[in-house]
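A.B. asks: Once you've had a glance at the structure underneath, I'll fire off some questions.
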Amino acid sequence: MSAGEQGPVAGVPGRNWAGNVRYAATRRHRPSSVDELRRLVAGSDRVRAVGTGHSFNRLGDTTGDLVSLAGLPPTVEVDRERHTVTVAAAVRYGDLATRLHAAGYALPTMASLPHISVAGAVATATHGSGVGIGNLATAVAALELVTADGELLTVRRDTDGDRFAGMVVALGALGVVTRVTLDVMPAFDVRQYVRLDLPRAALDEAFASAYSVSLFTDWRGDRIGQVWRKQLADAPPPADDWLGTTAAAGPVHPVPGMPAGNCTAQLGEPGPWHERLPHFRLGFTPSSGDELQSEYHLPRAVAADALAALDPVADRIAAVLQVSELRTVAADELWLSPQYGRDSLAVHFTWTGDADAVAPVVAEVERRLAPYAPRPHWGKVFTLDPAAVADTYPRHADFLALLHDLDPAGKFRTDLLDHYFPISGGRLPPGRGGWRVAPPG
Ligand SMILES: Cc1cc2nc3c(=O)[nH]c(=O)nc-3n(C[C@H](O)[C@H](O)[C@H](O)COP(=O)(O)OP(=O)(O)OC[C@H]3O[C@@H](n4cnc5c(N)ncnc54)[C@H](O)[C@@H]3O)c2cc1C
């Protein structure tokens with residue numbers, strides 16, 4: 001594959017999955033070796049890695065060189081002594097999971113969608129759900145990356161201490177990750193039950209009731225429409241009258257009215273972890289991509305108050321919403337993780353694709369959640385004030401120092417990074433967040 005082409009390059013996305021961001025890169029690359037990547041990074045003034053393009057903002061964009069690692073060998077190496085797997089950055093979680101399961105191993109958690117790349121998901125602290133389960137990045141034991149000078153650097157959890165914790169969720173700002181080593185655990189089976197109409201007062205009990213629990217709501221009324229309960233296969237099924245809910249009569253999609261065929265098996269049918277923990281099957285695309293997403297992470301201790309703060313605008317939310325999902329994520333120590341030091345409630349919104357209609361509602365949601373110290377999902381739509389975001393991250397200044405050390409010339413920077421990590425003084429216009437940018441093309 002030739003490198004540095006100005007037009008489309010096969011395997012390098014020209015826009016993100018949702019189509020609301022058209023990448024502004026001048027050149028696109030798909031190197032086929034790490035050495036080729038190192039030369040490319042060393043010789044570039046501005047460079048960003050792109051994964052599978054599932055983020056909804058311009059975090060993965062650049063005006064310079066956009067590089068996809070999908071042309072590197074898709075290695076998956078299991079280490080049975082250390083109980084780890086080392087995987088090429090561009091491998092999709094779903095493909096990794098299939099290989100791991102065949103080797104008798106599992107990951108503790110997966111996102112709703114298995115189609116996303118490992119490095120892209122780790123870079124933004126992508127997560128699933130579970131009161132005792134951290135986000136996907138918390139499984140990282142080591143990272144190999146090409147730094148701004150073209151050198152290949154390996155950082156490990158057991159030898160690089162605190163600095164490692166700053167480098168895992170790095171938003172693509174510290175280098176191009178080539179390989180990721182993840183902790184693995186023995187493979188396990190899961191049964192998924194969907195229950196309907198949970199009283200909101202039973203939220204905590206529902207979250208604590210199984211290995212991984214997701215709640216779906218449209219904010220109308222005081223009941224949660226669907227509870228997706230992913231429980232270990234040998235745990236007892238929910239009782240008929242479990243928390244005042246009823247059992248779904250057949251398979252359902254989180255968005256009412258959408259066909260359930262894309263969704264992972266429900267009705268308590270046992271199956272391997274990687275075919276139950278995501279909501280969507282690897283072999284299907286969950287929707288057309290005509291949607292936007294936002295998500296805010298809040299301390300679990302303020303969950304009830306924060307949700308109540310949104311009630312007065314429930315109708316405005318519902319008018320531009322496909323569905324909302326509530327999940328829990330355990331606290332961790334990764335500096336830029338939205339769960340840093342906080343057991344968290346994740347409040348997610350799958351909006352319609354109408355950016356102009358969605359924007360004022362995003363602003364209203366952010367205004368109402370502001371007293372609860374929200375941290376945004378780095379890969380989704382948000383316009384929170386940079387100073388307020390920085391205030392919620394105790395290690396924000398330490399990350400700025402890391403940026404300065406590892407990328408002094410700002411090779412990996414983007415407008416969005418300048419906005420939220422301003423060391424070069426760059427600023428986006430207020431309230432932009434870099435997502436309402438280009439129509440699908
Ligand atoms: C339908 C859908 C469902 C989703 N479900 C969930 C969910 O359940 N939970 C959740 O938390 N999020 C979810 N997301 C968001 C998604 O997981 C994140 O946006 C994630 O970052 C996407 O991974 P990607 O490979 O597409 O990364 P991209 O969007 O391509 O890139 C994201 C960031 O990672 C960086 N990056 C990518 N590759 C590398 C690399 N090799 N080295 C360094 N940096 C790199 C990019 O520069 C960019 O900053 C969902 C998104 C969609 C579209």
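By order in the structure tokens, chains are A, B, ...; within a chain, residues start at 1; ligands start at 1, following the order shown.
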Distance limit 6 Å, reference ligand 1, atoms considered: only C-alpha atoms and all ligand atoms. Which residues make the cut? Give them as a PyMOL selection string.
C.D. replies: chain A and resi 48-55+59-60+89+111-113+116-117+119-121+123-124+126-128+171-172+175-178+379
A.B. asks: Could the residues in this selection be saved with N, CA, C and O atoms as a CSV table (one decimal), in the first residue's frame?
C.D. replies:
chain,number,residue,atom,x,y,z
A,48,ARG,N,-2.0,12.0,13.2
A,48,ARG,CA,-3.0,11.4,14.1
A,48,ARG,C,-3.2,10.0,13.6
A,48,ARG,O,-3.3,9.7,12.4
A,49,ALA,N,-3.4,9.1,14.6
A,49,ALA,CA,-3.9,7.7,14.3
A,49,ALA,C,-5.4,7.7,14.3
A,49,ALA,O,-6.0,8.4,15.1
A,50,VAL,N,-5.9,7.0,13.4
A,50,VAL,CA,-7.4,6.7,13.4
A,50,VAL,C,-7.6,5.2,13.6
A,50,VAL,O,-6.8,4.4,13.0
A,51,GLY,N,-8.6,4.8,14.4
A,51,GLY,CA,-8.9,3.4,14.6
A,51,GLY,C,-10.0,3.0,13.6
A,51,GLY,O,-9.8,3.1,12.4
A,52,THR,N,-11.1,2.6,14.1
A,52,THR,CA,-12.3,2.3,13.2
A,52,THR,C,-13.2,3.5,13.1
A,52,THR,O,-14.3,3.3,12.5
A,53,GLY,N,-12.8,4.7,13.6
A,53,GLY,CA,-13.6,5.9,13.3
A,53,GLY,C,-15.0,5.9,14.0
A,53,GLY,O,-15.9,6.6,13.5
A,54,HIS,N,-15.1,5.3,15.1
A,54,HIS,CA,-16.4,5.3,15.8
A,54,HIS,C,-16.6,6.4,16.8
A,54,HIS,O,-17.6,6.5,17.5
A,55,SER,N,-15.7,7.3,16.8
A,55,SER,CA,-15.9,8.5,17.7
A,55,SER,C,-16.7,9.5,17.0
A,55,SER,O,-16.7,9.6,15.8
A,59,LEU,N,-11.7,14.3,17.7
A,59,LEU,CA,-10.5,13.9,18.5
A,59,LEU,C,-9.5,13.2,17.6
A,59,LEU,O,-8.3,13.3,17.7
A,60,GLY,N,-10.0,12.4,16.7
A,60,GLY,CA,-9.1,11.6,15.8
A,60,GLY,C,-8.6,12.3,14.6
A,60,GLY,O,-8.1,11.6,13.7
A,89,ALA,N,-2.7,-3.0,17.4
A,89,ALA,CA,-3.5,-1.8,17.8
A,89,ALA,C,-4.9,-1.8,17.0
A,89,ALA,O,-5.9,-1.5,17.6
A,111,ALA,N,-17.5,-3.3,25.2
A,111,ALA,CA,-18.4,-2.2,24.9
A,111,ALA,C,-19.7,-2.8,24.2
A,111,ALA,O,-19.7,-4.0,23.9
A,112,SER,N,-20.6,-1.9,24.0
A,112,SER,CA,-21.9,-2.4,23.4
A,112,SER,C,-21.6,-2.9,22.0
A,112,SER,O,-22.4,-3.7,21.5
A,113,LEU,N,-20.6,-2.4,21.4
A,113,LEU,CA,-20.3,-2.7,20.0
A,113,LEU,C,-18.9,-3.4,19.9
A,113,LEU,O,-18.0,-2.8,20.3
A,116,ILE,N,-15.2,-2.0,17.3
A,116,ILE,CA,-14.2,-0.9,17.5
A,116,ILE,C,-12.8,-1.5,17.7
A,116,ILE,O,-12.6,-2.6,18.2
A,117,SER,N,-11.8,-0.7,17.3
A,117,SER,CA,-10.4,-1.1,17.4
A,117,SER,C,-9.9,-1.1,18.9
A,117,SER,O,-10.4,-0.3,19.7
A,119,ALA,N,-6.9,-0.2,20.1
A,119,ALA,CA,-6.2,1.1,20.5
A,119,ALA,C,-7.1,2.3,20.5
A,119,ALA,O,-7.0,3.1,21.4
A,120,GLY,N,-8.1,2.3,19.6
A,120,GLY,CA,-9.0,3.5,19.6
A,120,GLY,C,-9.9,3.4,20.9
A,120,GLY,O,-10.2,4.5,21.5
A,121,ALA,N,-10.3,2.3,21.2
A,121,ALA,CA,-11.2,2.1,22.4
A,121,ALA,C,-10.4,2.5,23.7
A,121,ALA,O,-10.9,3.2,24.6
A,123,ALA,N,-7.8,4.4,24.0
A,123,ALA,CA,-7.4,5.8,24.0
A,123,ALA,C,-8.5,6.7,24.5
A,123,ALA,O,-8.2,7.7,25.1
A,124,THR,N,-9.8,6.3,24.4
A,124,THR,CA,-10.9,7.1,24.9
A,124,THR,C,-11.5,6.5,26.2
A,124,THR,O,-12.6,7.0,26.6
A,126,THR,N,-13.1,3.7,26.6
A,126,THR,CA,-14.4,3.0,26.3
A,126,THR,C,-14.7,2.0,27.4
A,126,THR,O,-13.8,1.4,27.9
A,127,HIS,N,-16.0,1.8,27.6
A,127,HIS,CA,-16.4,1.0,28.8
A,127,HIS,C,-17.6,0.2,28.4
A,127,HIS,O,-18.4,0.5,27.5
A,128,GLY,N,-17.9,-0.8,29.3
A,128,GLY,CA,-19.1,-1.6,29.3
A,128,GLY,C,-19.9,-1.2,30.5
A,128,GLY,O,-19.9,0.0,30.9
A,171,LEU,N,-5.8,9.6,24.5
A,171,LEU,CA,-6.5,10.4,23.4
A,171,LEU,C,-5.7,10.5,22.1
A,171,LEU,O,-5.9,11.4,21.4
A,172,GLY,N,-4.8,9.6,21.9
A,172,GLY,CA,-3.9,9.6,20.8
A,172,GLY,C,-2.9,10.8,20.8
A,172,GLY,O,-2.2,11.0,19.8
A,175,GLY,N,1.4,9.5,21.1
A,175,GLY,CA,2.1,8.8,20.1
A,175,GLY,C,1.1,7.8,19.4
A,175,GLY,O,-0.1,7.8,19.7
A,176,VAL,N,1.6,7.1,18.4
A,176,VAL,CA,0.8,6.1,17.7
A,176,VAL,C,1.0,4.7,18.3
A,176,VAL,O,2.1,4.2,18.3
A,177,VAL,N,0.0,4.2,19.0
A,177,VAL,CA,0.1,2.9,19.6
A,177,VAL,C,0.1,1.8,18.6
A,177,VAL,O,-0.7,1.8,17.7
A,178,THR,N,1.1,0.9,18.7
A,178,THR,CA,1.2,-0.2,17.7
A,178,THR,C,0.7,-1.5,18.3
A,178,THR,O,0.2,-2.4,17.6
A,379,GLY,N,-14.8,10.3,23.4
A,379,GLY,CA,-15.1,10.0,22.0
A,379,GLY,C,-16.5,10.4,21.5
A,379,GLY,O,-16.8,10.0,20.4
A.B. asks: May I have the residues within 9 Å of Asp197 in chain A as an mmCIF file with N, CA, C and O atoms, in the first residue's frame, using only C-alpha atoms and disregarding those fewer than 6 positions away in the same chain?
C.D. replies:
data_model
loop_
_atom_site.group_PDB
_atom_site.id
_atom_site.type_symbol
_atom_site.label_atom_id
_atom_site.label_comp_id
_atom_site.auth_asym_id
_atom_site.auth_seq_id
_atom_site.Cartn_x
_atom_site.Cartn_y
_atom_site.Cartn_z
ATOM 1 N N ARG A 223 -40.341 5.188 35.017
ATOM 2 C CA ARG A 223 -39.876 3.806 34.891
ATOM 3 C C ARG A 223 -38.830 3.702 33.788
ATOM 4 O O ARG A 223 -38.887 4.427 32.804
ATOM 5 N N ILE A 224 -37.894 2.797 34.011
ATOM 6 C CA ILE A 224 -36.845 2.542 33.024
ATOM 7 C C ILE A 224 -37.384 1.475 32.067
ATOM 8 O O ILE A 224 -37.766 0.390 32.503
ATOM 9 N N GLY A 225 -37.371 1.763 30.780
ATOM 10 C CA GLY A 225 -38.020 0.883 29.801
ATOM 11 C C GLY A 225 -37.458 -0.532 29.762
ATOM 12 O O GLY A 225 -38.198 -1.515 29.792
ATOM 13 N N GLN A 226 -36.125 -0.656 29.679
ATOM 14 C CA GLN A 226 -35.519 -1.993 29.553
ATOM 15 C C GLN A 226 -34.338 -2.132 30.518
ATOM 16 O O GLN A 226 -33.539 -1.212 30.668
ATOM 17 N N VAL A 227 -34.222 -3.327 31.093
ATOM 18 C CA VAL A 227 -33.041 -3.702 31.882
ATOM 19 C C VAL A 227 -32.387 -4.874 31.156
ATOM 20 O O VAL A 227 -33.018 -5.904 30.973
ATOM 21 N N GLY A 244 -40.338 -5.708 40.462
ATOM 22 C CA GLY A 244 -41.553 -5.110 39.875
ATOM 23 C C GLY A 244 -41.530 -5.029 38.356
ATOM 24 O O GLY A 244 -42.370 -4.340 37.765
ATOM 25 N N THR A 245 -40.607 -5.732 37.729
ATOM 26 C CA THR A 245 -40.516 -5.708 36.259
ATOM 27 C C THR A 245 -41.268 -6.900 35.662
ATOM 28 O O THR A 245 -41.693 -7.804 36.378
ATOM 29 N N THR A 246 -41.387 -6.878 34.333
ATOM 30 C CA THR A 246 -41.894 -8.060 33.635
ATOM 31 C C THR A 246 -40.834 -8.523 32.642
ATOM 32 O O THR A 246 -39.994 -7.731 32.206
#
A.B. asks: Identify all residues of range 51-193 of chain A in helix (DSSP H, G or I) (DSSP on the backbone) and supply them as a count of residues only.
C.D. replies: 30
A.B. asks: Extract, using only C-alpha atoms, all DNA, RNA and protein residues at most 10 Å from Ala103 in chain A, discarding same-chain residues fewer than 6 positions from it, and format them as number ranges by chain.
C.D. replies: A: 78, 80, 97, 186-187
A.B. asks: Just C-alpha atoms for this one: save the residues we selected as a CSV table (one decimal), in the first residue's frame.
C.D. replies:
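That gives us out-v2.csv:
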chain,number,residue,atom,x,y,z
A,78,VAL,CA,-1.6,-15.1,24.2
A,80,ARG,CA,-0.3,-18.4,29.2
A,97,ALA,CA,-12.5,-11.8,21.6
A,186,PRO,CA,-10.6,-17.7,32.1
A,187,ALA,CA,-13.4,-17.9,29.5
A.B. asks: Give me, as a PyMOL selection string, all polymer residues having an atom no more than 12 Å from range 415-421 of chain A, counting only C-alpha atoms and skipping those fewer than 4 positions away in the same chain.
C.D. replies: chain A and resi 24+46+48+57-63+170-174+336+375-376+378-391+393+395-404+410-411+425-435
A.B. asks: Go ahead and write the residues just picked, C-alpha atoms, as a PDB file, in the first residue's frame.
C.D. replies:
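Now in again.pdb:
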ATOM      1  CA  ALA A  24      -9.546  17.125   7.340  1.00  0.00           C
ATOM      2  CA  ARG A  46       1.121  16.899  12.245  1.00  0.00           C
ATOM      3  CA  ARG A  48      -2.955  11.409  14.119  1.00  0.00           C
ATOM      4  CA  ASN A  57     -16.052  14.310  17.461  1.00  0.00           C
ATOM      5  CA  ARG A  58     -12.812  15.532  15.883  1.00  0.00           C
ATOM      6  CA  LEU A  59     -10.534  13.908  18.453  1.00  0.00           C
ATOM      7  CA  GLY A  60      -9.068  11.564  15.847  1.00  0.00           C
ATOM      8  CA  ASP A  61      -8.659  14.230  13.183  1.00  0.00           C
ATOM      9  CA  THR A  62      -5.708  16.239  11.893  1.00  0.00           C
ATOM     10  CA  THR A  63      -4.979  18.675   9.143  1.00  0.00           C
ATOM     11  CA  ALA A 170      -4.075   9.289  26.130  1.00  0.00           C
ATOM     12  CA  LEU A 171      -6.538  10.368  23.414  1.00  0.00           C
ATOM     13  CA  GLY A 172      -3.918   9.640  20.751  1.00  0.00           C
ATOM     14  CA  ALA A 173      -1.906  12.596  22.033  1.00  0.00           C
ATOM     15  CA  LEU A 174       1.307  10.875  23.119  1.00  0.00           C
ATOM     16  CA  LEU A 336      -7.628  10.750  31.978  1.00  0.00           C
ATOM     17  CA  ARG A 375     -16.726  14.075  32.917  1.00  0.00           C
ATOM     18  CA  PRO A 376     -17.483  13.609  29.214  1.00  0.00           C
ATOM     19  CA  TRP A 378     -13.829  11.631  25.215  1.00  0.00           C
ATOM     20  CA  GLY A 379     -15.077  10.013  21.993  1.00  0.00           C
ATOM     21  CA  LYS A 380     -18.594  11.435  21.961  1.00  0.00           C
ATOM     22  CA  VAL A 381     -20.332  14.797  21.492  1.00  0.00           C
ATOM     23  CA  PHE A 382     -19.728  17.303  24.282  1.00  0.00           C
ATOM     24  CA  THR A 383     -19.253  21.036  24.703  1.00  0.00           C
ATOM     25  CA  LEU A 384     -18.440  21.267  28.422  1.00  0.00           C
ATOM     26  CA  ASP A 385     -16.341  24.184  29.549  1.00  0.00           C
ATOM     27  CA  PRO A 386     -12.622  23.215  29.411  1.00  0.00           C
ATOM     28  CA  ALA A 387     -11.840  24.714  32.805  1.00  0.00           C
ATOM     29  CA  ALA A 388     -14.711  22.807  34.387  1.00  0.00           C
ATOM     30  CA  VAL A 389     -13.544  19.558  32.773  1.00  0.00           C
ATOM     31  CA  ALA A 390      -9.974  20.180  33.952  1.00  0.00           C
ATOM     32  CA  ASP A 391     -11.246  20.756  37.496  1.00  0.00           C
ATOM     33  CA  TYR A 393      -9.380  15.633  36.672  1.00  0.00           C
ATOM     34  CA  ARG A 395      -4.045  14.730  37.199  1.00  0.00           C
ATOM     35  CA  HIS A 396      -4.869  17.200  34.392  1.00  0.00           C
ATOM     36  CA  ALA A 397      -1.707  19.251  34.974  1.00  0.00           C
ATOM     37  CA  ASP A 398       0.395  16.086  35.078  1.00  0.00           C
ATOM     38  CA  PHE A 399      -0.987  15.082  31.708  1.00  0.00           C
ATOM     39  CA  LEU A 400      -0.046  18.501  30.319  1.00  0.00           C
ATOM     40  CA  ALA A 401       3.499  17.842  31.523  1.00  0.00           C
ATOM     41  CA  LEU A 402       3.488  14.441  29.799  1.00  0.00           C
ATOM     42  CA  LEU A 403       2.330  16.094  26.581  1.00  0.00           C
ATOM     43  CA  HIS A 404       5.146  18.573  26.852  1.00  0.00           C
ATOM     44  CA  GLY A 410       2.752  19.413  19.246  1.00  0.00           C
ATOM     45  CA  LYS A 411       2.897  16.883  16.399  1.00  0.00           C
ATOM     46  CA  GLY A 425      -3.038  28.547  23.461  1.00  0.00           C
ATOM     47  CA  GLY A 426      -5.254  27.239  20.661  1.00  0.00           C
ATOM     48  CA  ARG A 427      -8.990  27.534  21.223  1.00  0.00           C
ATOM     49  CA  LEU A 428     -12.125  26.367  19.506  1.00  0.00           C
ATOM     50  CA  PRO A 429     -14.970  28.864  19.304  1.00  0.00           C
ATOM     51  CA  PRO A 430     -16.974  28.611  22.555  1.00  0.00           C
ATOM     52  CA  GLY A 431     -19.402  25.702  22.694  1.00  0.00           C
ATOM     53  CA  ARG A 432     -18.219  24.003  19.517  1.00  0.00           C
ATOM     54  CA  GLY A 433     -16.435  20.916  20.783  1.00  0.00           C
ATOM     55  CA  GLY A 434     -15.558  20.178  17.188  1.00  0.00           C
ATOM     56  CA  TRP A 435     -18.393  17.863  16.243  1.00  0.00           C
TER      57      TRP A 435
END
